[in-house]
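As provided, work.cif (mmCIF, C-alpha atoms and all ligand atoms) reads as follows.
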```cif
data_structure
loop_
_atom_site.label_atom_id
_atom_site.label_comp_id
_atom_site.auth_asym_id
_atom_site.auth_seq_id
_atom_site.Cartn_x
_atom_site.Cartn_y
_atom_site.Cartn_z
CA MET A 4 -36.83 -17.41 -56.27
CA GLU A 5 -38.15 -15.39 -53.32
CA TRP A 6 -35.99 -15.81 -50.27
CA ALA A 7 -36.70 -14.76 -46.71
CA ARG A 8 -35.69 -11.23 -45.89
CA TYR A 9 -33.46 -12.27 -43.00
CA PHE A 10 -30.98 -15.02 -42.39
CA ASP A 11 -31.82 -15.18 -38.69
CA GLU A 12 -35.06 -13.29 -38.14
CA ARG A 13 -35.30 -13.82 -34.41
CA THR A 14 -31.92 -12.25 -33.66
CA GLU A 15 -31.91 -9.65 -36.40
CA THR A 16 -35.30 -8.18 -35.51
CA MET A 17 -35.04 -8.63 -31.76
CA PRO A 18 -36.57 -5.67 -29.88
CA PRO A 19 -33.76 -3.55 -28.40
CA ALA A 20 -34.83 -4.29 -24.81
CA TRP A 21 -34.52 -8.05 -25.45
CA ALA A 22 -31.21 -7.59 -27.17
CA ARG A 23 -29.94 -5.66 -24.15
CA ARG A 24 -31.05 -8.43 -21.80
CA LEU A 25 -29.40 -11.09 -23.93
CA THR A 26 -26.25 -9.01 -24.19
CA ASP A 27 -26.09 -8.39 -20.44
CA GLU A 28 -26.51 -12.08 -19.66
CA LEU A 29 -23.75 -13.09 -22.05
CA LEU A 30 -21.52 -10.25 -20.85
CA ALA A 31 -21.67 -11.45 -17.25
CA GLU A 32 -20.67 -14.95 -18.37
CA GLN A 33 -17.90 -13.65 -20.60
CA VAL A 34 -16.36 -11.44 -17.91
CA GLU A 35 -16.43 -14.27 -15.37
CA ARG A 36 -14.87 -16.63 -17.88
CA CYS A 37 -12.13 -14.11 -18.68
CA TYR A 38 -11.43 -13.44 -14.99
CA GLY A 39 -11.45 -17.11 -14.08
CA GLN A 40 -9.38 -18.43 -16.97
CA ALA A 41 -7.20 -15.66 -18.34
CA PRO A 42 -4.42 -14.25 -16.10
CA PHE A 43 -4.25 -11.24 -18.43
CA TYR A 44 -7.80 -10.18 -17.55
CA ARG A 45 -7.48 -11.11 -13.90
CA ARG A 46 -4.54 -8.70 -13.65
CA LYS A 47 -6.42 -5.94 -15.45
CA LEU A 48 -9.59 -6.27 -13.39
CA ASP A 49 -7.67 -6.55 -10.13
CA ALA A 50 -5.61 -3.49 -10.98
CA ALA A 51 -8.81 -1.57 -11.68
CA GLY A 52 -10.35 -2.87 -8.45
CA VAL A 53 -13.27 -4.50 -10.29
CA ARG A 54 -14.83 -7.74 -9.13
CA PRO A 55 -16.08 -9.74 -12.14
CA GLU A 56 -19.45 -10.36 -10.49
CA ARG A 57 -20.03 -6.62 -10.42
CA VAL A 58 -20.06 -6.44 -14.22
CA ARG A 59 -23.64 -7.32 -15.04
CA THR A 60 -24.74 -4.80 -17.67
CA ALA A 61 -23.32 -2.80 -20.53
CA ASP A 62 -23.24 0.19 -18.18
CA ASP A 63 -21.07 -1.68 -15.68
CA LEU A 64 -18.57 -2.25 -18.44
CA ARG A 65 -17.40 1.33 -17.98
CA ARG A 66 -15.60 0.20 -14.82
CA LEU A 67 -13.29 -1.97 -16.91
CA PRO A 68 -10.14 -0.59 -18.48
CA PHE A 69 -9.79 -0.67 -22.26
CA THR A 70 -7.74 -3.35 -23.99
CA THR A 71 -5.33 -2.27 -26.72
CA LYS A 72 -3.74 -4.28 -29.46
CA ASP A 73 -0.30 -3.52 -28.00
CA GLU A 74 -1.25 -5.18 -24.71
CA LEU A 75 -2.56 -8.26 -26.50
CA ARG A 76 0.57 -8.39 -28.63
CA ALA A 77 2.81 -8.18 -25.56
CA SER A 78 0.82 -11.00 -23.96
CA GLN A 79 1.34 -13.19 -27.03
CA GLU A 80 5.01 -12.33 -27.29
CA ALA A 81 5.47 -13.51 -23.71
CA ALA A 82 3.41 -16.67 -24.16
CA PRO A 83 3.05 -17.66 -27.83
CA PRO A 84 0.93 -18.33 -29.70
CA LEU A 85 -2.26 -17.18 -27.93
CA GLY A 86 -0.95 -15.29 -24.91
CA ASP A 87 -2.41 -15.32 -21.44
CA PHE A 88 -5.67 -13.64 -22.46
CA ALA A 89 -6.85 -16.90 -24.09
CA CYS A 90 -9.62 -18.68 -22.24
CA ALA A 91 -9.84 -22.03 -24.01
CA ASP A 92 -7.79 -25.16 -23.39
CA PRO A 93 -5.27 -25.28 -26.29
CA VAL A 94 -6.60 -28.76 -27.11
CA ASP A 95 -10.01 -27.22 -27.88
CA VAL A 96 -8.57 -24.67 -30.29
CA VAL A 97 -9.10 -25.81 -33.88
CA ARG A 98 -8.00 -22.82 -35.93
CA LEU A 99 -5.59 -19.90 -35.82
CA HIS A 100 -6.09 -16.76 -37.88
CA LEU A 101 -3.88 -13.69 -37.91
CA THR A 102 -4.80 -10.03 -37.87
CA SER A 103 -3.89 -8.24 -41.06
CA GLY A 104 -2.61 -5.14 -39.31
CA THR A 105 -0.32 -3.02 -41.41
CA THR A 106 1.84 -2.13 -38.43
CA GLY A 107 3.70 -4.39 -36.03
CA THR A 108 3.50 -8.10 -35.41
CA PRO A 109 0.09 -9.60 -36.19
CA LEU A 110 -2.06 -10.97 -33.41
CA VAL A 111 -2.85 -14.66 -33.38
CA LEU A 112 -6.56 -15.34 -33.01
CA GLY A 113 -7.73 -18.71 -31.78
CA TYR A 114 -11.08 -20.38 -32.43
CA THR A 115 -12.80 -23.29 -30.77
CA PRO A 116 -15.45 -25.13 -32.83
CA GLU A 117 -18.06 -23.05 -31.01
CA ASP A 118 -16.22 -19.82 -31.86
CA LEU A 119 -16.11 -20.83 -35.51
CA SER A 120 -19.79 -21.54 -35.58
CA THR A 121 -20.56 -18.16 -33.96
CA SER A 122 -18.31 -16.46 -36.49
CA ALA A 123 -20.08 -18.15 -39.42
CA ARG A 124 -23.57 -17.47 -38.04
CA VAL A 125 -22.92 -13.79 -37.33
CA GLY A 126 -21.15 -13.31 -40.66
CA ALA A 127 -24.00 -15.02 -42.51
CA ARG A 128 -26.51 -12.50 -41.17
CA ALA A 129 -24.33 -9.68 -42.50
CA VAL A 130 -23.64 -11.08 -45.96
CA TRP A 131 -27.31 -12.09 -46.30
CA ALA A 132 -28.31 -8.49 -45.51
CA ALA A 133 -25.81 -7.39 -48.16
CA GLY A 134 -27.37 -9.70 -50.74
CA ALA A 135 -26.00 -13.28 -50.55
CA ARG A 136 -28.65 -15.96 -51.15
CA PRO A 137 -28.61 -19.75 -51.54
CA ASP A 138 -29.04 -19.55 -55.32
CA ASP A 139 -25.90 -17.45 -55.73
CA THR A 140 -22.57 -18.71 -56.95
CA ILE A 141 -20.08 -16.50 -55.16
CA LEU A 142 -16.48 -15.92 -56.15
CA HIS A 143 -14.49 -15.37 -52.99
CA CYS A 144 -11.67 -13.09 -54.08
CA MET A 145 -9.77 -12.22 -50.94
CA SER A 146 -6.55 -13.72 -49.73
CA TYR A 147 -7.08 -17.14 -48.14
CA SER A 148 -3.80 -16.92 -46.32
CA PHE A 149 -3.90 -16.33 -42.59
CA TYR A 150 -6.61 -13.68 -42.31
CA THR A 151 -10.27 -13.94 -41.31
CA GLY A 152 -11.20 -12.39 -44.67
CA GLY A 153 -10.25 -15.75 -46.15
CA VAL A 154 -11.55 -18.95 -44.61
CA ALA A 155 -13.68 -17.34 -41.87
CA ASP A 156 -15.55 -15.13 -44.33
CA HIS A 157 -15.80 -18.05 -46.72
CA ASP A 158 -17.54 -20.00 -43.94
CA ALA A 159 -19.94 -17.11 -43.31
CA LEU A 160 -20.88 -16.89 -46.98
CA GLU A 161 -21.26 -20.65 -47.25
CA GLU A 162 -23.48 -20.64 -44.14
CA THR A 163 -26.10 -18.73 -46.18
CA GLY A 164 -26.40 -21.74 -48.48
CA ALA A 165 -24.72 -20.01 -51.40
CA THR A 166 -22.34 -21.95 -53.64
CA MET A 167 -18.81 -20.81 -52.94
CA VAL A 168 -15.90 -20.68 -55.37
CA PRO A 169 -12.68 -20.20 -53.37
CA ALA A 170 -10.80 -18.14 -55.94
CA GLY A 171 -8.51 -16.13 -53.66
CA LEU A 172 -6.22 -13.50 -55.13
CA GLY A 173 -3.80 -13.69 -58.03
CA GLN A 174 -6.27 -15.69 -60.16
CA SER A 175 -7.92 -12.96 -62.21
CA ALA A 176 -6.81 -14.22 -65.62
CA ARG A 177 -7.78 -17.80 -64.83
CA LEU A 178 -11.07 -16.61 -63.39
CA LEU A 179 -11.96 -14.82 -66.60
CA GLU A 180 -11.07 -17.93 -68.63
CA LEU A 181 -13.30 -20.08 -66.42
CA TRP A 182 -16.07 -17.52 -66.17
CA ASP A 183 -18.47 -19.17 -68.59
CA VAL A 184 -18.02 -22.53 -66.88
CA LEU A 185 -18.49 -21.27 -63.33
CA ARG A 186 -21.20 -18.70 -64.11
CA PRO A 187 -20.77 -16.71 -60.93
CA THR A 188 -23.59 -14.40 -59.88
CA ALA A 189 -21.79 -12.66 -57.03
CA LEU A 190 -18.34 -11.53 -55.99
CA PHE A 191 -17.00 -11.16 -52.46
CA SER A 192 -13.90 -8.98 -52.24
CA THR A 193 -12.45 -5.68 -51.16
CA LEU A 194 -13.87 -2.63 -52.86
CA THR A 195 -10.70 -2.26 -54.90
CA TYR A 196 -10.90 -5.70 -56.49
CA PRO A 197 -13.98 -5.22 -58.74
CA LEU A 198 -12.26 -2.19 -60.26
CA TYR A 199 -9.14 -4.26 -60.86
CA LEU A 200 -11.07 -7.21 -62.27
CA ALA A 201 -13.06 -4.93 -64.58
CA GLU A 202 -9.79 -3.67 -66.06
CA GLN A 203 -8.57 -7.24 -66.51
CA ALA A 204 -11.85 -8.13 -68.21
CA HIS A 205 -11.53 -5.22 -70.62
CA GLU A 206 -7.98 -6.30 -71.42
CA ALA A 207 -9.27 -9.79 -72.14
CA GLY A 208 -11.76 -8.24 -74.55
CA ARG A 209 -14.82 -8.69 -72.36
CA ASP A 210 -17.25 -6.13 -71.08
CA PRO A 211 -17.73 -6.66 -67.33
CA ARG A 212 -21.40 -5.77 -67.73
CA SER A 213 -21.90 -8.74 -70.02
CA LEU A 214 -20.51 -11.24 -67.47
CA GLY A 215 -23.73 -11.74 -65.53
CA LEU A 216 -22.52 -10.70 -62.09
CA ARG A 217 -25.50 -9.35 -60.17
CA LYS A 218 -24.09 -8.71 -56.73
CA LEU A 219 -20.87 -7.31 -55.35
CA ILE A 220 -20.39 -7.90 -51.65
CA VAL A 221 -17.46 -5.97 -50.32
CA SER A 222 -15.56 -5.66 -47.10
CA GLY A 223 -12.57 -3.98 -45.57
CA GLU A 224 -12.45 -0.51 -47.08
CA PRO A 225 -14.44 2.57 -46.05
CA GLY A 226 -15.30 3.47 -49.67
CA GLY A 227 -18.10 0.88 -49.78
CA GLN A 228 -20.27 3.37 -47.94
CA MET A 229 -19.73 6.25 -50.33
CA ALA A 230 -22.41 7.05 -52.85
CA ALA A 231 -19.97 8.05 -55.57
CA THR A 232 -17.79 4.98 -55.14
CA ARG A 233 -20.78 2.69 -55.04
CA ALA A 234 -22.27 4.21 -58.17
CA ARG A 235 -18.98 3.89 -60.01
CA VAL A 236 -18.46 0.20 -59.18
CA GLU A 237 -22.11 -0.71 -59.73
CA GLU A 238 -22.05 1.01 -63.09
CA LEU A 239 -18.88 -0.81 -64.16
CA TRP A 240 -20.41 -4.21 -63.49
CA GLY A 241 -24.12 -3.54 -63.88
CA ALA A 242 -24.47 -5.07 -60.42
CA THR A 243 -25.61 -3.97 -56.95
CA LEU A 244 -23.05 -3.40 -54.22
CA GLY A 245 -23.56 -4.35 -50.59
CA ASP A 246 -20.97 -3.42 -47.99
CA THR A 247 -20.05 -5.43 -44.91
CA TYR A 248 -17.80 -4.78 -41.95
CA GLY A 249 -15.85 -6.77 -39.45
CA LEU A 250 -12.46 -6.92 -37.81
CA SER A 251 -10.36 -9.97 -37.34
CA ASP A 252 -9.67 -9.21 -33.66
CA VAL A 253 -13.39 -9.48 -32.92
CA TRP A 254 -15.46 -11.25 -35.60
CA GLY A 255 -14.40 -11.30 -39.26
CA THR A 256 -17.80 -9.97 -40.38
CA LEU A 257 -20.36 -8.59 -37.95
CA ALA A 258 -22.24 -5.87 -39.83
CA GLY A 259 -23.81 -5.54 -43.24
CA GLU A 260 -25.88 -3.18 -45.31
CA CYS A 261 -29.50 -4.07 -45.95
CA GLU A 262 -31.44 -3.19 -49.10
CA GLU A 263 -31.78 0.39 -47.86
CA ARG A 264 -28.05 0.69 -48.58
CA ASP A 265 -27.72 3.37 -45.96
CA GLY A 266 -25.29 2.30 -43.27
CA LEU A 267 -24.12 -1.04 -41.90
CA HIS A 268 -26.40 -2.86 -39.49
CA PHE A 269 -24.68 -4.18 -36.40
CA LEU A 270 -25.86 -7.81 -36.44
CA ALA A 271 -24.09 -9.53 -33.57
CA PRO A 272 -26.05 -8.76 -30.36
CA ASP A 273 -25.31 -12.31 -29.20
CA ALA A 274 -21.59 -12.20 -30.03
CA ALA A 275 -20.26 -8.71 -29.28
CA LEU A 276 -21.09 -5.61 -27.35
CA VAL A 277 -20.33 -2.29 -29.02
CA GLU A 278 -19.46 0.98 -27.36
CA LEU A 279 -18.70 4.25 -29.04
CA ILE A 280 -16.05 6.43 -27.42
CA GLU A 281 -14.33 9.74 -27.92
CA PRO A 282 -10.86 8.54 -29.10
CA GLU A 283 -8.88 11.18 -27.23
CA THR A 284 -10.60 11.04 -23.84
CA GLY A 285 -12.08 7.53 -23.83
CA ASP A 286 -15.45 8.99 -22.78
CA ARG A 287 -18.48 7.09 -23.94
CA VAL A 288 -20.51 8.61 -26.78
CA ALA A 289 -24.24 7.78 -27.03
CA VAL A 290 -25.21 5.52 -29.93
CA GLU A 291 -27.69 7.86 -31.60
CA PRO A 292 -28.09 9.23 -35.11
CA GLY A 293 -25.26 11.57 -36.04
CA SER A 294 -22.91 10.68 -33.22
CA ARG A 295 -19.34 9.78 -34.07
CA GLY A 296 -16.63 7.92 -32.21
CA GLU A 297 -14.23 5.01 -32.08
CA LEU A 298 -15.81 1.56 -32.00
CA VAL A 299 -14.94 -0.44 -28.91
CA PHE A 300 -15.81 -4.13 -28.84
CA THR A 301 -16.35 -6.62 -26.06
CA HIS A 302 -16.76 -10.23 -27.01
CA LEU A 303 -19.78 -12.19 -25.89
CA ALA A 304 -19.61 -15.96 -26.17
CA ARG A 305 -16.01 -16.01 -27.35
CA HIS A 306 -13.85 -18.78 -25.95
CA ALA A 307 -10.38 -18.91 -27.41
CA THR A 308 -9.12 -15.32 -27.65
CA PRO A 309 -11.69 -12.96 -26.14
CA VAL A 310 -11.36 -9.21 -25.94
CA LEU A 311 -12.93 -6.92 -23.36
CA ARG A 312 -13.34 -3.24 -24.31
CA PHE A 313 -11.05 -3.58 -27.29
CA ARG A 314 -10.04 -0.30 -28.94
CA SER A 315 -10.64 -0.96 -32.64
CA ARG A 316 -9.21 2.36 -33.90
CA ASP A 317 -12.10 2.40 -36.39
CA VAL A 318 -14.04 5.62 -36.25
CA ALA A 319 -17.73 5.28 -37.06
CA GLU A 320 -20.69 7.56 -37.45
CA ILE A 321 -24.13 6.37 -36.39
CA VAL A 322 -26.61 6.61 -39.26
CA ALA A 323 -29.81 5.46 -37.53
CA VAL A 324 -31.10 3.21 -34.78
CA GLU A 325 -34.16 2.06 -36.69
CA CYS A 326 -34.64 0.82 -40.23
CA PRO A 327 -37.54 0.20 -42.60
CA CYS A 328 -36.09 -3.30 -43.21
CA GLY A 329 -37.03 -4.34 -39.66
CA ARG A 330 -33.53 -5.17 -38.46
CA SER A 331 -33.09 -3.74 -35.00
CA GLY A 332 -29.31 -3.40 -34.98
CA PHE A 333 -28.18 0.24 -35.25
CA ARG A 334 -26.71 1.41 -38.54
CA PHE A 335 -23.29 3.01 -38.87
CA ARG A 336 -20.75 4.12 -41.41
CA VAL A 337 -17.03 3.63 -40.96
CA VAL A 338 -15.38 6.99 -41.43
CA GLY A 339 -11.83 5.68 -41.28
CA ARG A 340 -9.06 4.41 -39.06
CA SER A 341 -8.11 6.83 -36.35
CA ASP A 342 -4.51 5.80 -37.23
CA ASP A 343 -5.04 7.16 -40.76
CA MET A 344 -6.48 10.44 -39.64
CA PHE A 345 -4.17 13.38 -40.13
CA ARG A 346 -4.47 16.92 -38.95
CA VAL A 347 -3.75 19.95 -41.10
CA ARG A 348 -3.66 23.10 -39.00
CA GLY A 349 -6.38 21.92 -36.65
CA VAL A 350 -8.56 20.23 -39.29
CA ASN A 351 -8.98 16.47 -38.91
CA VAL A 352 -8.96 14.65 -42.24
CA PHE A 353 -9.66 11.02 -43.09
CA PRO A 354 -8.33 9.76 -46.43
CA SER A 355 -11.85 8.40 -47.03
CA ALA A 356 -13.18 11.97 -47.24
CA VAL A 357 -10.63 12.75 -49.97
CA GLU A 358 -11.61 9.51 -51.67
CA GLU A 359 -15.30 10.40 -51.74
CA LEU A 360 -14.58 13.73 -53.35
CA LEU A 361 -12.33 12.17 -55.98
CA ARG A 362 -14.67 9.29 -56.79
CA GLU A 363 -17.37 11.84 -57.58
CA ARG A 364 -15.00 13.01 -60.29
CA GLY A 365 -14.41 9.51 -61.63
CA VAL A 366 -10.98 9.09 -60.05
CA ASP A 367 -10.26 5.57 -58.75
CA ARG A 368 -6.62 5.89 -57.77
CA PHE A 369 -5.20 8.47 -55.51
CA ALA A 370 -2.76 8.91 -52.67
CA VAL A 371 -2.21 11.57 -50.04
CA VAL A 372 1.43 12.37 -49.38
CA LEU A 373 2.42 13.82 -46.03
CA GLU A 374 5.93 15.20 -46.29
CA ARG A 375 6.34 16.71 -42.85
CA PHE A 376 5.02 16.37 -39.37
CA PRO A 377 3.16 18.35 -38.16
CA VAL A 378 1.48 18.44 -41.55
CA GLU A 379 1.68 21.80 -43.26
CA PRO A 380 -0.39 22.86 -46.26
CA PRO A 381 -0.37 22.47 -49.16
CA VAL A 382 -0.80 18.69 -48.80
CA GLU A 383 0.13 16.82 -51.94
CA ILE A 384 -2.60 14.64 -53.46
CA LEU A 385 -1.56 12.33 -56.28
CA VAL A 386 -4.28 11.25 -58.67
CA GLU A 387 -4.42 9.01 -61.68
CA GLY A 388 -7.00 9.30 -64.42
CA LEU A 389 -7.85 12.95 -63.98
CA ALA A 390 -7.91 14.70 -67.33
CA GLY A 391 -7.33 18.30 -66.36
CA GLY A 392 -9.28 19.84 -63.50
CA GLU A 393 -6.54 19.67 -60.87
CA GLU A 394 -7.41 23.17 -59.74
CA GLU A 395 -11.09 22.39 -59.47
CA VAL A 396 -10.25 19.40 -57.22
CA ALA A 397 -7.97 21.53 -55.05
CA ALA A 398 -10.71 24.15 -54.70
CA ALA A 399 -13.27 21.47 -53.77
CA VAL A 400 -10.92 20.01 -51.16
CA LYS A 401 -10.43 23.45 -49.67
CA GLU A 402 -14.14 24.17 -49.63
CA ARG A 403 -15.45 20.82 -48.42
CA LEU A 404 -12.61 19.44 -46.33
CA GLY A 405 -11.07 22.69 -45.17
CA PHE A 406 -7.42 22.30 -46.09
CA THR A 407 -5.17 23.47 -48.90
CA CYS A 408 -3.71 20.89 -51.24
CA ARG A 409 -1.73 20.57 -54.42
CA VAL A 410 -3.13 18.04 -56.88
CA ARG A 411 -0.66 16.28 -59.15
CA VAL A 412 -1.34 13.64 -61.81
CA ALA A 413 0.77 10.54 -61.19
CA SER A 414 0.97 6.85 -61.99
CA LEU A 415 -0.10 4.83 -58.95
CA PRO A 416 0.39 1.14 -58.18
CA ARG A 417 -2.19 -1.39 -59.42
CA THR A 418 -3.44 -3.58 -56.64
CA GLU A 419 -5.82 -6.46 -56.06
CA THR A 420 -6.00 -5.75 -52.35
CA LYS A 421 -6.76 -2.71 -50.26
CA ALA A 422 -5.32 0.37 -51.88
CA LYS A 423 -2.76 2.34 -49.92
CA ARG A 424 -4.06 5.89 -49.62
CA LEU A 425 -1.70 7.57 -47.25
CA TYR A 426 2.07 7.91 -47.48
CA ARG A 427 3.85 9.33 -44.46
CA VAL A 428 7.10 10.39 -46.04
CA TYR A 429 8.16 11.96 -42.73
CA ALA A 430 8.04 8.49 -41.19
CA GLY A 431 10.20 6.95 -43.90
CA GLU A 432 7.49 5.78 -46.31
CA GLU A 433 8.28 6.15 -49.99
CA ALA A 434 5.57 7.91 -52.00
CA PRO A 435 4.83 6.83 -55.60
CA ALA A 436 6.48 9.03 -58.23
ZN ZN A 501 -32.09 -2.12 -42.71
#
```
Show me, as structure tokens, the structure contained in the file I just sent.
Amino acid sequence: MEWARYFDERTETMPPAWARRLTDELLAEQVERCYGQAPFYRRKLDAAGVRPERVRTADDLRRLPFTTKDELRASQEAAPPLGDFACADPVDVVRLHLTSGTTGTPLVLGYTPEDLSTSARVGARAVWAAGARPDDTILHCMSYSFYTGGVADHDALEETGATMVPAGLGQSARLLELWDVLRPTALFSTLTYPLYLAEQAHEAGRDPRSLGLRKLIVSGEPGGQMAATRARVEELWGATLGDTYGLSDVWGTLAGECEERDGLHFLAPDAALVELIEPETGDRVAVEPGSRGELVFTHLARHATPVLRFRSRDVAEIVAVECPCGRSGFRFRVVGRSDDMFRVRGVNVFPSAVEELLRERGVDRFAVVLERFPVEPPVEILVEGLAGGEEEVAAAVKERLGFTCRVRVASLPRTETKAKRLYRVYAGEEAPA
């Protein structure tokens, strides 16, 4: 069946000038709501000497200080569960999710019914762009516990009209047994999971390509944007891969790749305002093709736990501001977490860059081991599934990424969830043998 190109044509193809006007209107309301109802924001604005009524446009936002996860965490520790940055009456809050941060206490994120419907609507635009359609039967294979990747993303996928199968994690064997009954056409998961499930299928004597999966919709790992990784996963399943992006602190899913498969469209002009900044100085970077910076989000139309100028720590590169598909949201690629970036003698390296290089060589599992800080070359890179060619990899890393490494074949942990790529031994982490 032929489906419409967009889930929400009006919003997705809105001319940029309209989008800006809509965004500015919602921003003014959001800032006033935060100032009026959340002591946390009143303190921050007062300390910065900013009157809420003076924040009327995205440009005015520069007057506001950034919000960090540590500040939000401290607010929640002092006043659990939602902290004093929450704007909604607790009675109106109908769901709590947690952030899946790998460090520190998770944040508790509240949702009113309106927040949930915004989350589902925005997420639906993104997963539709990535391929979800009403005639799909989608296996949702992320953890349903706590995180937005579970129920909130399930809601977004279901909003498209697709048939959802809430499989969760830890069900691979059962899933393969039930495969012919359920007849799924699509899989929603991390990028790592289809690789894992393909191995399980092979062990069960089935060729993944014969299972009839046509679409892989992935989220949560930078590799979804890499040509080599995409080709590898698509080839394994004989399916197309569409990447999506979101963050639980803001909206679980707010960007998705269209059929051009060249960058993630930002698809939430009515629910978030995005700024790009230089991570070290906090200076704003223009959103134009080729520019790179940390994504900073300001909620629009969020009631329970809004953020203003939230430092995401995700570093993105702008791919384009226009697209043949007609969506007007700019396109970007997530380069990595600024927390994961390491520096070897002045060269900044994201594990995702190492990943891209290795995937081109058919390597799915790898880990970077940092023994000392500051990091000194050679950096140890552990790989699994490389038959010879360690020196060629080391030479390619030196040439393309600009640092010296030592490549060693190792056995790395199997995982259904996001793969751990970086081990900071100097900080007490234990590297795989
Ligand atoms: Zn597009």
Name the residues, by chain letter and number, that sit within 8 Å of ligand ZN 501 (chain A) using all atoms listed in the file, and give them as a PyMOL selection string.
-> chain A and resi 132+260-265+268+325-331+334
Non-local contacts of stretch 27-30 of chain A (7 Å; only C-alpha atoms; under 3 positions in same chain excluded) as a PyMOL selection string = chain A and resi 23-24+33-34+59-61+303-304
Could you name the residues that touch A:Cys37 at 9 Å or less, counting all atoms listed in the file, but leaving out those on the same chain fewer than 5 positions away, as a PDB file with C-alpha atoms, in the frame of the given file?
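Output file around04.pdb follows:
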```
ATOM      1  CA  GLU A  32     -20.670 -14.950 -18.370  1.00  0.00           C
ATOM      2  CA  PRO A  42      -4.420 -14.250 -16.100  1.00  0.00           C
ATOM      3  CA  PHE A  43      -4.250 -11.240 -18.430  1.00  0.00           C
ATOM      4  CA  TYR A  44      -7.800 -10.180 -17.550  1.00  0.00           C
ATOM      5  CA  ARG A  45      -7.480 -11.110 -13.900  1.00  0.00           C
ATOM      6  CA  PRO A  55     -16.080  -9.740 -12.140  1.00  0.00           C
ATOM      7  CA  PHE A  88      -5.670 -13.640 -22.460  1.00  0.00           C
ATOM      8  CA  ALA A  89      -6.850 -16.900 -24.090  1.00  0.00           C
ATOM      9  CA  CYS A  90      -9.620 -18.680 -22.240  1.00  0.00           C
ATOM     10  CA  HIS A 306     -13.850 -18.780 -25.950  1.00  0.00           C
ATOM     11  CA  PRO A 309     -11.690 -12.960 -26.140  1.00  0.00           C
ATOM     12  CA  VAL A 310     -11.360  -9.210 -25.940  1.00  0.00           C
ATOM     13  CA  LEU A 311     -12.930  -6.920 -23.360  1.00  0.00           C
TER      14      LEU A 311
END
```
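For A:Asp317, the residues within 9 Å (counting all atoms listed in the file, excluding itself and residues fewer than 5 positions away along the chain) are Gly296, Glu297, Leu298, Val299, Val337, Val338, Gly339, Arg340, Ser341 and Asp342 of chain A.
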Within 9 Å of A:Lys47, counting all atoms listed in the file, which residues show up once you throw out same-chain ones fewer than 5 positions away? Write them as a compact mmCIF listing (two decimals) with C-alpha atoms, keeping the file's coordinate frame, please.
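File selection11.txt, as written:
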```
# COMPACT_ATOMS: atom_id res chain seq x y z
CA PRO A 42 -4.42 -14.25 -16.10
CA GLY A 52 -10.35 -2.87 -8.45
CA VAL A 53 -13.27 -4.50 -10.29
CA LEU A 67 -13.29 -1.97 -16.91
CA PRO A 68 -10.14 -0.59 -18.48
```
Reconstructed stretch 30-41 of chain A, atom set N, CA and C atoms, as a compact mmCIF listing (two decimals), in the coordinates of the input:
```txt
# COMPACT_ATOMS: atom_id res chain seq x y z
N LEU A 30 -22.66 -11.05 -21.33
CA LEU A 30 -21.52 -10.25 -20.85
C LEU A 30 -21.06 -10.76 -19.48
N ALA A 31 -22.02 -10.99 -18.59
CA ALA A 31 -21.67 -11.45 -17.25
C ALA A 31 -20.89 -12.77 -17.33
N GLU A 32 -21.37 -13.67 -18.20
CA GLU A 32 -20.67 -14.95 -18.37
C GLU A 32 -19.27 -14.74 -18.93
N GLN A 33 -19.18 -13.86 -19.93
CA GLN A 33 -17.90 -13.65 -20.60
C GLN A 33 -16.87 -13.06 -19.62
N VAL A 34 -17.29 -12.09 -18.83
CA VAL A 34 -16.36 -11.44 -17.91
C VAL A 34 -15.90 -12.45 -16.84
N GLU A 35 -16.83 -13.26 -16.37
CA GLU A 35 -16.43 -14.27 -15.37
C GLU A 35 -15.48 -15.30 -15.97
N ARG A 36 -15.77 -15.66 -17.22
CA ARG A 36 -14.87 -16.63 -17.88
C ARG A 36 -13.47 -16.02 -18.04
N CYS A 37 -13.42 -14.77 -18.47
CA CYS A 37 -12.13 -14.11 -18.68
C CYS A 37 -11.37 -14.00 -17.34
N TYR A 38 -12.09 -13.61 -16.29
CA TYR A 38 -11.43 -13.44 -14.99
C TYR A 38 -10.95 -14.78 -14.45
N GLY A 39 -11.78 -15.80 -14.63
CA GLY A 39 -11.45 -17.11 -14.08
C GLY A 39 -10.36 -17.84 -14.86
N GLN A 40 -10.27 -17.59 -16.15
CA GLN A 40 -9.38 -18.43 -16.97
C GLN A 40 -8.21 -17.70 -17.61
N ALA A 41 -8.27 -16.38 -17.65
CA ALA A 41 -7.20 -15.66 -18.34
C ALA A 41 -6.45 -14.75 -17.36
```
